[in-house]
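Contents: one structure, followed by commentary.
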Amino acid sequence: MTDLIASPAPAVRRTGRNRTLSLGRTVLGKIVSSLIVLLVVATVAFLLVRISGDPLALLLPPDATKEQADQLAAELGLNQSLFAQYVDYLGGLVQGDLGRSIFFDQPVVSLIGERLPATALLAVSSLVLSLLISLPAGILASVHRGRITDTIISGIVLIGQSTPAFWVGIVFILLFAVRLHALPAAGYGSVAHLVLPTFTLAIYSIAVVARVLRTSLAEELSADYIRTATAKGLTRSQVVIGHGLRNASLPVVTVVGLELGSLLGGAILTEQVFSWPGIGRLTVEAIANRDFPLVQGAVLFFALVFVVVNLLVDLSYTLLDPRVRLGR
Amino acid sequence: MRNLQPPLSRRRLLQAAAVGVPLLGLPTLLAGCGADSQAGTGRRIRVSQSVDPTTLDPQKQGGMTTMNVLINLFDTLTARDVHNELVPRLATSWTAVDDHHWRFVLRRGVTFHNGERFDAQTVKFSIERLLDPKTQSPIVELRYVTGVRVVDRYTVDFVLDQPDPVLPAKLSLFGGVMVPPKYLADAGDEKFAAAPVGTGPFRFESWKRGVSIRMRAYEQHWESRPGYDELEIQTIQNPASALAALQSDEVDLVTGLVPDAALQLEGYKGVRVSSFPGLRMSYLSLDTTDPAFSDVRVRRALNHAMDVPLLVKATLNGHGREVPTMIPRESFGFDPAIAPYSRDLDQARRLLAQAGHPDGLSTTLTASSTDATTAQAISGLLTKVGVQAKVSLLDPSTYSQRLTSDNRKALGPMYLASTTGWTLDGSSPVQSNVRTGRRQSRWTNPLADQLIDREENSIRPADRQKAFSSLQRLLSQEAPFVFLYQADTIVISNDRVRWTPNVIGHLALQSAVRDD
């Protein structure tokens, strides 16, 4: 009976030991492939920023002499061959050293570390807010599929998904900061500062998660096992939440994971609009300053976030649904 | 039925963890966030500018936006007052002993924020730290200084390897900042850059990168304590956000905006938009080796065609002043007898025809994308005499890289540029733009070089002025540039805060006033 509900099409059962072993091998494989992805990202970032131009021009005042430029190039290692710089860079990476920011004259690791709390705070609060809204909205829409509730929710979702975040941000600023004087327009440092950027950033996630949940739950609710469960006399909410939602959760977990990845990756425009001192803004500054090590470090950081989130999403599949076997 | 209840499975645990972990983290993050925002006590002025300081070590940076912050924490040997006069600051008087020595008498009774005393040894230490290659200072103004000799406890001599008449002015900002020898020896460079100690009117309190830097009035400042207790300089990059912050009372004063942005605020109650004469000078640089621009008649034609007052009206909302040649009005060397080019479209067409372009000519005008509007307006004005200048916009960093590259043709035959000579001496714009062999000079004229050498190597003001006047006449005749304007400095504040910048426009906020 349990089988009927939790896994309608049970895969070939393995013994516990075998399963743990295969899971361990899968995780290891995933980690290795993640490391390869990171290496590729590091290499591409390294090459791309060097194509973009020379940072010296931006560091020295316009009337600096050639000698000063040469001296600075030597100090920054920019006079070495590309290959030597690359080897140097990878050598540092292995030891967890992302190099030193040219512009800020500080270790890249500490600069990213300094900005990480701001970005993490914004990402987490947006995600929490978006789940609080999108989960009930998605469930309501799918339960009332085709009816007026569904139409309203789906309409709002469509608007939310197609409205650019920076525009929402500007409208929020005009309304809540300039007109109503209710919330600060820019800056960082208190809960009040968090409100507008959180809502701005959450809107897209709300729309995406609600839409995916609605589709996937609606599909589950029309499945045979739901009818069976209903026939056994369970209440509507027991059926929907206890059975349908559990089975509909896979795509939702994927989407939530990806959303967290992009939120953590620095919602660049939102950080710009609200002068939020996160990693997204740091990256924009670094690009403008041709700060090679910092751009490389930031790109690598984003890649790392996505790789880790993906890994966690993949792993959660095996735990959430025994039908899923990774790496096969 | 019990069987139908889902057991506490791995998936449940995972779900709980996925929701719970971030929630657990949130209060800590919020708490960390809130602790930061503890308001200081006393009267506060909050100012915004668009860029964060790069470092708080004043000798390891060369940018005005960073200096805007540091000038409040540190003092310089000399200073520019609100009337643009060079005035004593940590030095009370100075004289040129001979061509290679400037003597400075120092102020007594000055202390650093940590109690350390300021004297001749401080000057020697500060200047020699700046000159030490190990410091990697990007500050170039003191390149003729070889060292500092202590004469007595409150007198020093600057030793130079060639005459530098502008030295006292060069000590009014970047090069003239005094740093504490003992604190630097004890704390080291890194700690100094994170928690700087100066003799300035404000002492450092905290810096949150990308957000704001806070300072408190230094009670023992030698001059006088500022009229308010706390100064906060916030970083708000986006002009619209900065204006919104002013309107929602999160900042008192917004700096660094173009007049265009100020237009948005016209008619708002409680907001004051003020405009002050500014130094930043814009011009078009012409490649005099380009087939079209090698002919002086074409270069003159462009100057006759360029309706600068109309340009100022259209792009700066009238907040700018025409400049006759390449020396700003407030700088030493400016000669009011030299008039700007007359607006004369017929004369421009005639000159172009004489130069072999009866139907006009086509060229490219390169500019940074931040100056897009101005470049397009200029292009429009030029079409009136048949000059078709195609506007080519570059992202700011590519633009500045090409501007300073050794390739003189990197920005094409004609580009829009601007310069700020904060020393308020004519030598700075002509040194980098006119003198042969400099990175931004694209015109070779032996007479101009002679005149520049003459003003630079003489310390007698009258001789220098004569050389500058001749140079400006030559520039006007030969027209290697299209001379444009000096843009005003715009200060936007609420009606409780007042501040008057001098022509350099740097944010020395000691003199700001809070009315309530």
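Every chain in the structure tokens takes a letter, A first, then B, and so on in the order presented; its residues are numbered from 1, and the ligands are numbered from 1 following the presented order.
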So that I can check the surroundings of Arg300 in chain B, please list as a PDB file with N, CA, C and O atoms, in the first residue's frame every protein, DNA and RNA residue that reaches within 8 Å of it, counting only C-alpha atoms and ignoring chain neighbours fewer than 2 positions away.
ATOM      1  N   VAL B 296      45.215  74.119 -41.535  1.00  0.00           N
ATOM      2  CA  VAL B 296      44.789  74.978 -40.437  1.00  0.00           C
ATOM      3  C   VAL B 296      43.447  75.641 -40.747  1.00  0.00           C
ATOM      4  O   VAL B 296      42.665  75.953 -39.842  1.00  0.00           O
ATOM      5  N   ARG B 297      43.146  75.839 -42.055  1.00  0.00           N
ATOM      6  CA  ARG B 297      41.884  76.502 -42.414  1.00  0.00           C
ATOM      7  C   ARG B 297      40.686  75.628 -42.016  1.00  0.00           C
ATOM      8  O   ARG B 297      39.653  76.136 -41.571  1.00  0.00           O
ATOM      9  N   VAL B 298      40.862  74.316 -42.145  1.00  0.00           N
ATOM     10  CA  VAL B 298      39.780  73.416 -41.734  1.00  0.00           C
ATOM     11  C   VAL B 298      39.585  73.503 -40.217  1.00  0.00           C
ATOM     12  O   VAL B 298      38.463  73.579 -39.718  1.00  0.00           O
ATOM     13  N   LEU B 302      36.185  74.721 -38.207  1.00  0.00           N
ATOM     14  CA  LEU B 302      35.440  73.966 -37.190  1.00  0.00           C
ATOM     15  C   LEU B 302      35.174  74.837 -35.963  1.00  0.00           C
ATOM     16  O   LEU B 302      34.095  74.797 -35.380  1.00  0.00           O
ATOM     17  N   ASN B 303      36.161  75.625 -35.577  1.00  0.00           N
ATOM     18  CA  ASN B 303      35.979  76.490 -34.415  1.00  0.00           C
ATOM     19  C   ASN B 303      34.945  77.585 -34.677  1.00  0.00           C
ATOM     20  O   ASN B 303      34.168  77.940 -33.797  1.00  0.00           O
ATOM     21  N   HIS B 304      34.946  78.116 -35.927  1.00  0.00           N
ATOM     22  CA  HIS B 304      33.932  79.118 -36.268  1.00  0.00           C
ATOM     23  C   HIS B 304      32.542  78.495 -36.299  1.00  0.00           C
ATOM     24  O   HIS B 304      31.554  79.135 -35.984  1.00  0.00           O
ATOM     25  N   ALA B 348      33.176  79.963 -41.841  1.00  0.00           N
ATOM     26  CA  ALA B 348      33.552  78.552 -41.756  1.00  0.00           C
ATOM     27  C   ALA B 348      33.445  77.883 -43.124  1.00  0.00           C
ATOM     28  O   ALA B 348      34.359  77.186 -43.561  1.00  0.00           O
ATOM     29  N   LEU B 351      36.277  79.091 -45.376  1.00  0.00           N
ATOM     30  CA  LEU B 351      37.565  78.463 -45.043  1.00  0.00           C
ATOM     31  C   LEU B 351      37.611  77.021 -45.540  1.00  0.00           C
ATOM     32  O   LEU B 351      38.631  76.569 -46.072  1.00  0.00           O
ATOM     33  N   GLN B 477      45.334  80.720 -32.978  1.00  0.00           N
ATOM     34  CA  GLN B 477      45.607  80.829 -34.417  1.00  0.00           C
ATOM     35  C   GLN B 477      45.653  79.459 -35.085  1.00  0.00           C
ATOM     36  O   GLN B 477      45.089  79.242 -36.145  1.00  0.00           O
ATOM     37  N   GLU B 478      46.366  78.553 -34.465  1.00  0.00           N
ATOM     38  CA  GLU B 478      46.617  77.257 -35.108  1.00  0.00           C
ATOM     39  C   GLU B 478      45.465  76.271 -34.906  1.00  0.00           C
ATOM     40  O   GLU B 478      45.354  75.290 -35.642  1.00  0.00           O
ATOM     41  N   ALA B 479      44.682  76.496 -33.881  1.00  0.00           N
ATOM     42  CA  ALA B 479      43.471  75.698 -33.624  1.00  0.00           C
ATOM     43  C   ALA B 479      43.677  74.188 -33.731  1.00  0.00           C
ATOM     44  O   ALA B 479      42.973  73.527 -34.490  1.00  0.00           O
TER      45      ALA B 479
END
query: Got a sec: who's within 10 Å of Gln472 in chain B, counting only C-alpha atoms, leaving out chain neighbours fewer than 5 positions off, as a list in words?
result: Pro324, Thr325, Met326, Ile327, Gly333, Phe334, Asp335, Ala337, Ile338, Val430, Ala448, Leu451, Ala467, Gln477, Glu478 and Ala479 of chain B
field: Long-range neighbours of Val391 in chain B as a VMD selection string, 10 Å cut-off, only C-alpha atoms, 3 positions minimum in chain
entry: chain B and resid 363 to 367 372 375 to 380 388 394 414 to 415
Atoms kept (C-alpha atoms) for selection, written as a PDB file, in the first residue's frame:
ATOM      1  CA  THR B 363      34.902  62.455 -40.606  1.00  0.00           C
ATOM      2  CA  THR B 364      34.344  60.536 -37.384  1.00  0.00           C
ATOM      3  CA  LEU B 365      33.796  61.967 -33.921  1.00  0.00           C
ATOM      4  CA  THR B 366      34.746  59.529 -31.160  1.00  0.00           C
ATOM      5  CA  ALA B 367      33.486  59.915 -27.595  1.00  0.00           C
ATOM      6  CA  ALA B 372      26.762  60.597 -26.001  1.00  0.00           C
ATOM      7  CA  ALA B 375      28.837  64.282 -29.038  1.00  0.00           C
ATOM      8  CA  GLN B 376      25.583  64.089 -30.951  1.00  0.00           C
ATOM      9  CA  ALA B 377      24.868  67.767 -30.380  1.00  0.00           C
ATOM     10  CA  ILE B 378      28.350  68.668 -31.638  1.00  0.00           C
ATOM     11  CA  SER B 379      27.870  66.520 -34.702  1.00  0.00           C
ATOM     12  CA  GLY B 380      24.590  68.296 -35.363  1.00  0.00           C
ATOM     13  CA  GLN B 388      29.456  65.220 -41.511  1.00  0.00           C
ATOM     14  CA  LEU B 394      32.948  53.677 -26.855  1.00  0.00           C
ATOM     15  CA  MET B 414      38.477  63.807 -33.884  1.00  0.00           C
ATOM     16  CA  TYR B 415      37.517  62.964 -30.327  1.00  0.00           C
TER      17      TYR B 415
END
query: Looking only at the backbone, which of the residues in range 134-204 of chain B does DSSP tag as strand (DSSP E or B), as number ranges by chain?
result: B: 145-152, 155-160, 177, 202-204
Give me the range 134-223 of chain A side of the contact with range 241-264 of chain A, cut-off 9 Å, one line per residue showing its nearest atom pair and distance in Å at one decimal, counting only C-alpha atoms, sorted by chain and residue number, as a Markdown table.
| residue | atom | partner | partner_atom | distance |
| --- | --- | --- | --- | --- |
| A:Ile139 | CA | A:Leu245 | CA | 8.3 |
| A:Leu201 | CA | A:Leu263 | CA | 7.9 |
| A:Ser205 | CA | A:Glu259 | CA | 6.4 |
| A:Val208 | CA | A:Val255 | CA | 7.6 |
| A:Val209 | CA | A:Val252 | CA | 6.5 |
| A:Ala210 | CA | A:Val252 | CA | 8.7 |
| A:Val212 | CA | A:Val252 | CA | 6.3 |
| A:Leu213 | CA | A:Val252 | CA | 5.9 |
| A:Thr215 | CA | A:Ala248 | CA | 8.9 |
| A:Ser216 | CA | A:Ala248 | CA | 5.4 |
| A:Leu217 | CA | A:Ala248 | CA | 5.1 |
| A:Ala218 | CA | A:Gly244 | CA | 8.5 |
| A:Glu219 | CA | A:Ala248 | CA | 8.1 |
| A:Glu220 | CA | A:Gly244 | CA | 5.6 |
| A:Leu221 | CA | A:Gly244 | CA | 5.9 |
| A:Ala223 | CA | A:Gly244 | CA | 8.9 |
From a backbone DSSP assignment, name each residue in range 217-292 of chain A labelled alpha helix (DSSP H), as a PDB file with C-alpha atoms, in the first residue's frame.
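Final output, part10.pdb:
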ATOM      1  CA  LEU A 217       0.669  19.699  -9.566  1.00  0.00           C
ATOM      2  CA  ALA A 218      -2.212  19.874 -12.012  1.00  0.00           C
ATOM      3  CA  GLU A 219      -0.688  16.980 -13.914  1.00  0.00           C
ATOM      4  CA  GLU A 220      -0.316  14.912 -10.753  1.00  0.00           C
ATOM      5  CA  LEU A 221      -3.861  15.684  -9.641  1.00  0.00           C
ATOM      6  CA  ASP A 224      -4.861   7.617 -11.354  1.00  0.00           C
ATOM      7  CA  TYR A 225      -3.376   7.306  -7.867  1.00  0.00           C
ATOM      8  CA  ILE A 226      -5.031  10.524  -6.842  1.00  0.00           C
ATOM      9  CA  ARG A 227      -8.381   9.132  -7.820  1.00  0.00           C
ATOM     10  CA  THR A 228      -7.556   6.018  -5.809  1.00  0.00           C
ATOM     11  CA  ALA A 229      -6.621   8.103  -2.789  1.00  0.00           C
ATOM     12  CA  THR A 230      -9.777  10.160  -3.096  1.00  0.00           C
ATOM     13  CA  ALA A 231     -11.820   7.006  -3.444  1.00  0.00           C
ATOM     14  CA  ARG A 236      -9.216  17.004  -0.533  1.00  0.00           C
ATOM     15  CA  SER A 237      -6.347  18.691   1.292  1.00  0.00           C
ATOM     16  CA  ARG A 246       4.944  15.341  -2.883  1.00  0.00           C
ATOM     17  CA  ASN A 247       5.039  13.944  -6.352  1.00  0.00           C
ATOM     18  CA  ALA A 248       4.883  17.330  -7.986  1.00  0.00           C
ATOM     19  CA  SER A 249       7.850  18.598  -6.008  1.00  0.00           C
ATOM     20  CA  LEU A 250      10.654  17.463  -8.338  1.00  0.00           C
ATOM     21  CA  PRO A 251      10.381  20.150 -10.986  1.00  0.00           C
ATOM     22  CA  VAL A 252       9.691  22.709  -8.268  1.00  0.00           C
ATOM     23  CA  VAL A 253      12.892  21.801  -6.435  1.00  0.00           C
ATOM     24  CA  THR A 254      14.802  22.176  -9.696  1.00  0.00           C
ATOM     25  CA  VAL A 255      13.364  25.604 -10.337  1.00  0.00           C
ATOM     26  CA  VAL A 256      13.850  26.779  -6.762  1.00  0.00           C
ATOM     27  CA  GLY A 257      17.453  25.619  -6.915  1.00  0.00           C
ATOM     28  CA  LEU A 258      18.093  27.484 -10.125  1.00  0.00           C
ATOM     29  CA  GLU A 259      16.379  30.570  -8.754  1.00  0.00           C
ATOM     30  CA  LEU A 260      18.525  30.475  -5.635  1.00  0.00           C
ATOM     31  CA  GLY A 261      21.547  30.161  -7.905  1.00  0.00           C
ATOM     32  CA  SER A 262      20.667  33.223  -9.893  1.00  0.00           C
ATOM     33  CA  LEU A 263      19.668  35.180  -6.795  1.00  0.00           C
ATOM     34  CA  LEU A 264      22.990  34.379  -5.160  1.00  0.00           C
ATOM     35  CA  ILE A 268      22.964  42.711 -10.960  1.00  0.00           C
ATOM     36  CA  LEU A 269      20.314  45.176 -12.049  1.00  0.00           C
ATOM     37  CA  THR A 270      18.510  45.130  -8.726  1.00  0.00           C
ATOM     38  CA  GLU A 271      21.756  45.709  -6.869  1.00  0.00           C
ATOM     39  CA  GLN A 272      22.503  48.625  -9.181  1.00  0.00           C
ATOM     40  CA  VAL A 273      19.104  50.260  -8.809  1.00  0.00           C
ATOM     41  CA  ILE A 279      28.599  40.825  -5.511  1.00  0.00           C
ATOM     42  CA  GLY A 280      26.612  41.746  -8.602  1.00  0.00           C
ATOM     43  CA  ARG A 281      27.532  45.384  -8.214  1.00  0.00           C
ATOM     44  CA  LEU A 282      31.107  44.501  -7.338  1.00  0.00           C
ATOM     45  CA  THR A 283      31.348  42.584 -10.608  1.00  0.00           C
ATOM     46  CA  VAL A 284      30.014  45.468 -12.658  1.00  0.00           C
ATOM     47  CA  GLU A 285      32.573  47.774 -11.065  1.00  0.00           C
ATOM     48  CA  ALA A 286      35.325  45.244 -11.661  1.00  0.00           C
ATOM     49  CA  ILE A 287      34.443  44.981 -15.335  1.00  0.00           C
ATOM     50  CA  ALA A 288      34.373  48.747 -15.720  1.00  0.00           C
ATOM     51  CA  PHE A 292      41.310  41.185 -14.150  1.00  0.00           C
TER      52      PHE A 292
END
message: Using only C-alpha atoms, which protein or nucleic acid residues come within 12 Å of range 402-411 of chain B? Drop anything in the same chain fewer than 4 positions from it, and give the result as a PyMOL selection string.
response: (chain A and resi 53-66+69) or (chain B and resi 284-290+364-368+391-398+415-419+432-433+436-443)
Nearby residues (only C-alpha atoms) at most 9 Å from range 80-83 of chain B, same-chain spacing under 3 positions excluded, as a compact mmCIF listing (two decimals) with N, CA, C and O atoms, in the first residue's frame:
# COMPACT_ATOMS: atom_id res chain seq x y z
N LEU B 86 45.25 80.11 -3.42
CA LEU B 86 46.10 79.16 -2.71
C LEU B 86 46.37 79.72 -1.32
O LEU B 86 46.86 80.84 -1.18
N VAL B 87 46.01 78.97 -0.29
CA VAL B 87 46.10 79.49 1.08
C VAL B 87 46.85 78.50 1.97
O VAL B 87 46.97 77.32 1.65
N PRO B 88 47.39 78.99 3.11
CA PRO B 88 48.08 78.09 4.04
C PRO B 88 47.14 77.04 4.61
O PRO B 88 45.95 77.29 4.79
N ALA B 169 51.14 74.71 -5.32
CA ALA B 169 49.77 74.36 -5.72
C ALA B 169 49.59 72.85 -5.78
O ALA B 169 48.52 72.32 -5.48
N SER B 172 48.38 71.09 -2.67
CA SER B 172 47.06 71.44 -2.13
C SER B 172 46.09 70.26 -2.19
O SER B 172 45.00 70.34 -1.65
N LEU B 173 46.48 69.20 -2.90
CA LEU B 173 45.63 67.99 -2.86
C LEU B 173 46.54 66.77 -2.77
O LEU B 173 47.39 66.73 -1.90
N THR B 500 29.28 75.34 -0.32
CA THR B 500 29.75 76.01 -1.52
C THR B 500 31.10 75.43 -1.92
O THR B 500 32.07 75.56 -1.17
N PRO B 501 31.17 74.78 -3.06
CA PRO B 501 32.46 74.25 -3.51
C PRO B 501 33.26 75.34 -4.21
O PRO B 501 32.70 76.34 -4.66
N ASN B 502 34.58 75.17 -4.28
CA ASN B 502 35.35 76.06 -5.12
C ASN B 502 35.36 75.49 -6.53
O ASN B 502 34.65 74.53 -6.83
N VAL B 503 36.16 76.09 -7.41
CA VAL B 503 36.06 75.74 -8.82
C VAL B 503 36.50 74.30 -9.08
O VAL B 503 36.05 73.66 -10.03
N ILE B 504 37.37 73.75 -8.21
CA ILE B 504 37.81 72.36 -8.40
C ILE B 504 36.64 71.42 -8.12
O ILE B 504 36.52 70.36 -8.72
Using only C-alpha atoms: which of A:Ser162, A:Thr149, A:Asn310, A:Gln71 has the shortest distance to chain B: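 Among A:Ser162, A:Thr149, A:Asn310, A:Gln71, it is A:Gln71 that comes nearest to chain B.
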Among the residues B:Leu310, B:Leu131, B:Leu279, B:Leu507, the one that comes closest to chain A [using only C-alpha atoms]: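 The shortest atom-to-atom distance to chain A comes from B:Leu131.
Rounded to one decimal, CA of Met178 in chain B and CA of Gln510 in chain B lie 17.4 Å from each other.
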Between CA of Ala262 in chain B and CA of Leu243 in chain B, distance in Å (one decimal):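 We find that CA of Ala262 in chain B and CA of Leu243 in chain B lie 8.6 Å from each other.
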- prompt: So what do you get for CA of Val157 in chain A versus CA of Ser134 in chain A, distance-wise?
  reply: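 Between CA of Val157 in chain A and CA of Ser134 in chain A the gap works out to 9.2 Å.
Within the 7 Å cut-off around His101 in chain B, using only C-alpha atoms and omitting residues fewer than 6 positions from it on the same chain, the listed residues are Asp157, Phe158, Val159 and Leu160 of chain B.
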Same residues, N, CA and C atoms, output as a PDB file, in the first residue's frame:
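Wrote it out as again-v8.pdb, contents follow:
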ATOM      1  N   ASP B 157      62.742  71.957   3.632  1.00  0.00           N
ATOM      2  CA  ASP B 157      63.036  72.323   2.249  1.00  0.00           C
ATOM      3  C   ASP B 157      62.680  71.158   1.340  1.00  0.00           C
ATOM      4  N   PHE B 158      61.931  71.435   0.295  1.00  0.00           N
ATOM      5  CA  PHE B 158      61.708  70.445  -0.761  1.00  0.00           C
ATOM      6  C   PHE B 158      62.845  70.585  -1.761  1.00  0.00           C
ATOM      7  N   VAL B 159      63.531  69.474  -2.047  1.00  0.00           N
ATOM      8  CA  VAL B 159      64.653  69.502  -2.979  1.00  0.00           C
ATOM      9  C   VAL B 159      64.172  68.976  -4.331  1.00  0.00           C
ATOM     10  N   LEU B 160      64.456  69.739  -5.408  1.00  0.00           N
ATOM     11  CA  LEU B 160      63.961  69.373  -6.734  1.00  0.00           C
ATOM     12  C   LEU B 160      65.111  69.186  -7.717  1.00  0.00           C
TER      13      LEU B 160
END
